[in-house]
>>> print(open('upload-v8.cif').read())   # mmCIF, C-alpha atoms and all ligand atoms
data_work
loop_
_atom_site.label_atom_id
_atom_site.label_comp_id
_atom_site.auth_asym_id
_atom_site.auth_seq_id
_atom_site.Cartn_x
_atom_site.Cartn_y
_atom_site.Cartn_z
CA MET A 4 13.75 -55.83 81.45
CA LYS A 5 16.75 -57.46 79.79
CA MET A 6 15.60 -56.25 76.39
CA ASN A 7 15.26 -52.72 77.73
CA SER A 8 18.81 -52.57 78.98
CA LYS A 9 20.01 -53.83 75.61
CA ILE A 10 18.13 -51.04 73.89
CA GLN A 11 19.48 -48.58 76.42
CA SER A 12 23.10 -49.60 75.83
CA TYR A 13 22.54 -49.28 72.12
CA TYR A 14 21.40 -45.67 72.48
CA MET A 15 24.18 -45.02 75.00
CA LEU A 16 26.74 -46.04 72.41
CA LYS A 17 24.92 -43.99 69.79
CA LEU A 18 25.27 -41.03 72.21
CA LYS A 19 21.55 -40.31 72.13
CA CYS A 20 19.42 -38.44 74.64
CA PRO A 21 18.51 -40.77 77.55
CA ARG A 22 15.03 -39.38 77.76
CA CYS A 23 13.75 -39.74 74.20
CA TYR A 24 16.52 -41.78 72.45
CA LYS A 25 16.20 -39.41 69.52
CA GLY A 26 18.17 -36.24 70.12
CA ASP A 27 21.97 -36.17 69.94
CA LEU A 28 23.93 -35.47 73.13
CA PHE A 29 26.91 -33.97 71.34
CA ILE A 30 27.06 -31.20 68.77
CA ASN A 31 29.40 -33.37 66.72
CA PRO A 32 27.65 -36.77 66.62
CA GLY A 33 29.53 -40.07 66.36
CA LEU A 34 32.13 -41.76 68.54
CA PHE A 35 35.27 -40.87 66.64
CA VAL A 36 35.52 -37.16 66.08
CA MET A 37 38.54 -34.94 66.13
CA THR A 38 37.07 -31.56 66.98
CA ARG A 39 34.74 -30.26 69.68
CA PHE A 40 34.58 -33.73 71.12
CA LEU A 41 33.20 -32.70 74.52
CA LYS A 42 30.92 -30.00 73.25
CA MET A 43 27.35 -30.93 74.12
CA HIS A 44 23.99 -29.45 73.34
CA GLU A 45 22.57 -27.41 76.20
CA LYS A 46 19.39 -29.38 75.92
CA CYS A 47 17.90 -32.10 73.80
CA LYS A 48 16.78 -30.81 70.41
CA LYS A 49 13.92 -33.30 70.37
CA CYS A 50 12.48 -33.43 73.89
CA ASN A 51 14.01 -30.37 75.59
CA GLN A 52 15.74 -32.38 78.31
CA ASP A 53 18.33 -30.12 79.90
CA PHE A 54 21.87 -31.57 79.69
CA ARG A 55 23.51 -28.93 81.83
CA ILE A 56 22.34 -30.48 85.13
CA GLU A 57 24.88 -28.89 87.51
CA PRO A 58 28.43 -27.55 87.11
CA GLU A 59 30.32 -30.55 88.53
CA PHE A 60 28.01 -33.15 87.05
CA TYR A 61 30.35 -34.31 84.29
CA SER A 62 33.40 -34.69 86.50
CA THR A 63 31.66 -37.88 87.71
CA ALA A 64 32.04 -39.15 84.15
CA LEU A 65 35.77 -39.54 84.79
CA TRP A 66 34.99 -42.25 87.33
CA ILE A 67 32.90 -44.08 84.79
CA GLY A 68 35.62 -43.70 82.16
CA PHE A 69 38.33 -45.13 84.40
CA PRO A 70 37.05 -48.75 84.61
CA ILE A 71 36.31 -48.65 80.86
CA VAL A 72 39.92 -47.63 80.28
CA LEU A 73 41.11 -50.57 82.38
CA ILE A 74 38.80 -53.04 80.63
CA VAL A 75 40.07 -51.90 77.23
CA PHE A 76 43.75 -51.34 77.91
CA ILE A 77 44.74 -54.23 80.16
CA PRO A 78 43.92 -56.84 77.47
CA LEU A 79 45.68 -54.64 74.90
CA LEU A 80 48.75 -54.50 77.10
CA PHE A 81 48.78 -58.28 77.48
CA PHE A 82 48.31 -58.65 73.74
CA GLY A 83 51.36 -56.43 73.24
CA LEU A 84 53.41 -58.56 75.63
CA TYR A 85 52.18 -61.69 73.85
CA LEU A 86 53.29 -60.33 70.46
CA ASN A 87 56.63 -59.51 71.99
CA GLU A 88 57.07 -62.93 73.58
CA TYR A 89 55.87 -65.17 70.74
CA TYR A 90 56.50 -63.17 67.60
CA GLY A 91 59.55 -61.25 68.73
CA ILE A 92 57.97 -57.91 67.88
CA SER A 93 59.98 -55.35 69.75
CA LEU A 94 58.40 -53.35 72.56
CA LYS A 95 59.92 -50.33 70.83
CA VAL A 96 57.34 -50.94 68.09
CA ILE A 97 54.48 -52.08 70.32
CA LEU A 98 54.63 -49.31 72.93
CA PRO A 99 54.22 -46.34 70.56
CA ILE A 100 51.29 -48.10 68.85
CA PHE A 101 49.81 -48.77 72.27
CA LEU A 102 50.19 -45.12 73.29
CA ILE A 103 48.61 -43.89 70.07
CA LEU A 104 45.69 -46.28 70.61
CA CYS A 105 45.31 -45.01 74.19
CA PHE A 106 45.28 -41.49 72.93
CA LEU A 107 42.76 -42.15 70.15
CA LEU A 108 40.43 -44.12 72.40
CA GLN A 109 40.30 -41.36 75.01
CA ILE A 110 37.77 -39.41 72.97
CA PRO A 111 35.15 -42.16 72.45
CA ILE A 112 35.64 -43.32 76.05
CA MET A 113 35.05 -39.80 77.42
CA ARG A 114 31.99 -39.41 75.25
CA ILE A 115 30.58 -42.81 76.16
CA SER A 116 31.18 -42.10 79.88
CA ARG A 117 29.11 -38.94 79.65
CA ALA A 118 26.37 -40.78 77.81
CA ILE A 119 26.37 -43.56 80.43
CA LEU A 120 26.16 -40.99 83.21
CA LEU A 121 23.19 -39.26 81.60
CA HIS A 122 21.48 -42.57 80.95
CA LEU A 123 21.92 -43.49 84.61
CA THR A 124 20.44 -40.16 85.64
CA PHE A 125 17.43 -39.99 83.35
CA LYS A 126 14.89 -42.64 82.52
CA TYR A 127 13.48 -43.17 79.09
CA PHE A 128 10.30 -41.21 78.85
CA GLY A 129 9.12 -41.91 75.36
CA TRP A 130 8.35 -39.60 72.60
CA HIS A 131 6.92 -36.67 74.55
CA LYS A 132 8.26 -33.18 74.44
CA LYS A 133 9.16 -31.67 77.81
CA GLU A 134 7.38 -28.39 78.44
ZN ZN B 1 15.64 -36.02 74.20
#
>>> encode(input="upload-v8.cif", output="structure tokens", more="lines below")
Ligand SMILES: [Zn+2]
Amino acid sequence: MKMNSKIQSYYMLKLKCPRCYKGDLFINPGLFVMTRFLKMHEKCKKCNQDFRIEPEFYSTALWIGFPIVLIVFIPLLFFGLYLNEYYGISLKVILPIFLILCFLLQIPIMRISRAILLHLTFKYFGWHKKE
């Protein structure tokens, strides 16, 4: 069971189809992309799993993204304050870097949230094509 969830998180982060672990969820694969970053396939190229579920389905992904944002950014914020306190690096330098990081990390976080949501919704089914 523990092994399975490890495998599942691996394919979540790889943004793979939750049903077969082979097809890509997004048209542009990879975590860091600059264009069409929320554009998804209508269904899995490998197993035919439909990714369009229902119209509001992906708005739930925002609620998954939010705690991830907190987990990532709160330590970053404290790290910034630490650099300021102990190394005298000005917040005028730290804050813009922090904001740029926030901005850049939005894309992978949004993509991972969608992948997590799909992986919570569908169970791995193995290498069988859906009719
Ligand atoms: Zn699939």
>>> residues_near_ligand(input="upload-v8.cif", ligand="ligand ZN 1 (chain B)", cutoff="9 Å", atoms="only C-alpha atoms and all ligand atoms", output="PyMOL selection string")
chain A and resi 19-28+46-53+127-133
>>> closest_residue(input="upload-v8.cif", among="A:Ile92, A:Asn7, A:Pro58, A:Leu16", to="Lys126 in chain A", atoms="all atoms listed in the file")
A:Asn7
>>> residues_around(input="upload-v8.cif", residues="Phe29 in chain A", least_positions_apart="6", cutoff="6 Å", atoms="all atoms listed in the file", output="compact mmCIF listing (two decimals) with C-alpha atoms, keeping the file's coordinate frame")
# COMPACT_ATOMS: atom_id res chain seq x y z
CA LYS A 42 30.92 -30.00 73.25
CA MET A 43 27.35 -30.93 74.12
CA HIS A 44 23.99 -29.45 73.34
>>> axis_aligned_box(input="upload-v8.cif", around="range 35-49 of chain A", padding_each_side="8 Å", output="AutoDock Vina command-line options")
--center_x 26.2 --center_y -34.1 --center_z 71.1 --size_x 40.6 --size_y 29.5 --size_z 26.1
>>> residues_around(input="upload-v8.cif", residues="range 102-117 of chain A", least_positions_apart="3", cutoff="7 Å", atoms="all atoms listed in the file", output="number ranges by chain")
A: 15-16, 18, 34-35, 40-41, 61, 64, 67-68, 98-99, 120-121
>>> atom_distance(input="upload-v8.cif", atom1="CA of Ile30 in chain A", atom2="CA of Ile71 in chain A")
23.2 Å
>>> atom_distance(input="upload-v8.cif", atom1="CA of Ile119 in chain A", atom2="CA of Val36 in chain A")
18.2 Å
>>> residues_around(input="upload-v8.cif", residues="Leu84 in chain A", least_positions_apart="4", cutoff="8 Å", atoms="all atoms listed in the file", output="PyMOL selection string")
chain A and resi 80+88+94
>>> atom_distance(input="upload-v8.cif", atom1="CA of Gln11 in chain A", atom2="CA of Thr63 in chain A")
19.8 Å
>>> decode(input="upload-v8.cif", residues="range 52-104 of chain A", atoms="C-alpha atoms", output="PDB file, in the first residue's frame")
ATOM      1  CA  GLN A  52      -9.966   8.156 -19.940  1.00  0.00           C
ATOM      2  CA  ASP A  53     -12.036  11.314 -20.280  1.00  0.00           C
ATOM      3  CA  PHE A  54     -10.428  14.314 -18.534  1.00  0.00           C
ATOM      4  CA  ARG A  55     -13.319  16.679 -19.054  1.00  0.00           C
ATOM      5  CA  ILE A  56     -15.372  15.233 -16.161  1.00  0.00           C
ATOM      6  CA  GLU A  57     -17.731  18.187 -15.530  1.00  0.00           C
ATOM      7  CA  PRO A  58     -17.502  21.951 -16.090  1.00  0.00           C
ATOM      8  CA  GLU A  59     -16.663  22.996 -12.515  1.00  0.00           C
ATOM      9  CA  PHE A  60     -14.447  20.026 -11.784  1.00  0.00           C
ATOM     10  CA  TYR A  61     -11.138  21.881 -11.985  1.00  0.00           C
ATOM     11  CA  SER A  62     -12.183  24.778  -9.790  1.00  0.00           C
ATOM     12  CA  THR A  63     -11.724  22.283  -6.923  1.00  0.00           C
ATOM     13  CA  ALA A  64      -8.059  22.190  -7.896  1.00  0.00           C
ATOM     14  CA  LEU A  65      -7.692  25.702  -6.462  1.00  0.00           C
ATOM     15  CA  TRP A  66      -8.410  24.295  -3.011  1.00  0.00           C
ATOM     16  CA  ILE A  67      -5.711  21.704  -3.458  1.00  0.00           C
ATOM     17  CA  GLY A  68      -3.288  24.342  -4.721  1.00  0.00           C
ATOM     18  CA  PHE A  69      -3.834  26.630  -1.748  1.00  0.00           C
ATOM     19  CA  PRO A  70      -2.248  24.432   0.975  1.00  0.00           C
ATOM     20  CA  ILE A  71       0.621  23.627  -1.416  1.00  0.00           C
ATOM     21  CA  VAL A  72       1.190  27.354  -1.827  1.00  0.00           C
ATOM     22  CA  LEU A  73       1.301  27.772   1.954  1.00  0.00           C
ATOM     23  CA  ILE A  74       3.670  24.825   2.423  1.00  0.00           C
ATOM     24  CA  VAL A  75       6.048  26.247  -0.179  1.00  0.00           C
ATOM     25  CA  PHE A  76       5.848  29.962   0.519  1.00  0.00           C
ATOM     26  CA  ILE A  77       5.783  30.211   4.298  1.00  0.00           C
ATOM     27  CA  PRO A  78       9.266  28.625   4.642  1.00  0.00           C
ATOM     28  CA  LEU A  79      10.471  30.835   1.782  1.00  0.00           C
ATOM     29  CA  LEU A  80       9.158  33.892   3.565  1.00  0.00           C
ATOM     30  CA  PHE A  81      10.928  32.915   6.779  1.00  0.00           C
ATOM     31  CA  PHE A  82      14.091  32.245   4.819  1.00  0.00           C
ATOM     32  CA  GLY A  83      13.836  35.763   3.396  1.00  0.00           C
ATOM     33  CA  LEU A  84      13.418  37.232   6.872  1.00  0.00           C
ATOM     34  CA  TYR A  85      16.375  35.149   8.070  1.00  0.00           C
ATOM     35  CA  LEU A  86      18.592  36.475   5.261  1.00  0.00           C
ATOM     36  CA  ASN A  87      17.497  39.966   6.175  1.00  0.00           C
ATOM     37  CA  GLU A  88      18.162  39.508   9.884  1.00  0.00           C
ATOM     38  CA  TYR A  89      21.489  37.662   9.776  1.00  0.00           C
ATOM     39  CA  TYR A  90      23.062  38.708   6.507  1.00  0.00           C
ATOM     40  CA  GLY A  91      21.643  42.196   6.259  1.00  0.00           C
ATOM     41  CA  ILE A  92      20.217  41.560   2.806  1.00  0.00           C
ATOM     42  CA  SER A  93      17.648  44.246   2.278  1.00  0.00           C
ATOM     43  CA  LEU A  94      13.975  43.352   1.996  1.00  0.00           C
ATOM     44  CA  LYS A  95      14.002  45.574  -1.078  1.00  0.00           C
ATOM     45  CA  VAL A  96      16.105  42.844  -2.704  1.00  0.00           C
ATOM     46  CA  ILE A  97      14.391  39.857  -1.100  1.00  0.00           C
ATOM     47  CA  LEU A  98      10.770  40.826  -1.752  1.00  0.00           C
ATOM     48  CA  PRO A  99      10.996  41.162  -5.552  1.00  0.00           C
ATOM     49  CA  ILE A 100      12.818  37.811  -5.744  1.00  0.00           C
ATOM     50  CA  PHE A 101      10.132  36.315  -3.537  1.00  0.00           C
ATOM     51  CA  LEU A 102       7.367  37.703  -5.751  1.00  0.00           C
ATOM     52  CA  ILE A 103       9.036  36.417  -8.913  1.00  0.00           C
ATOM     53  CA  LEU A 104       9.374  32.971  -7.304  1.00  0.00           C
TER      54      LEU A 104
END
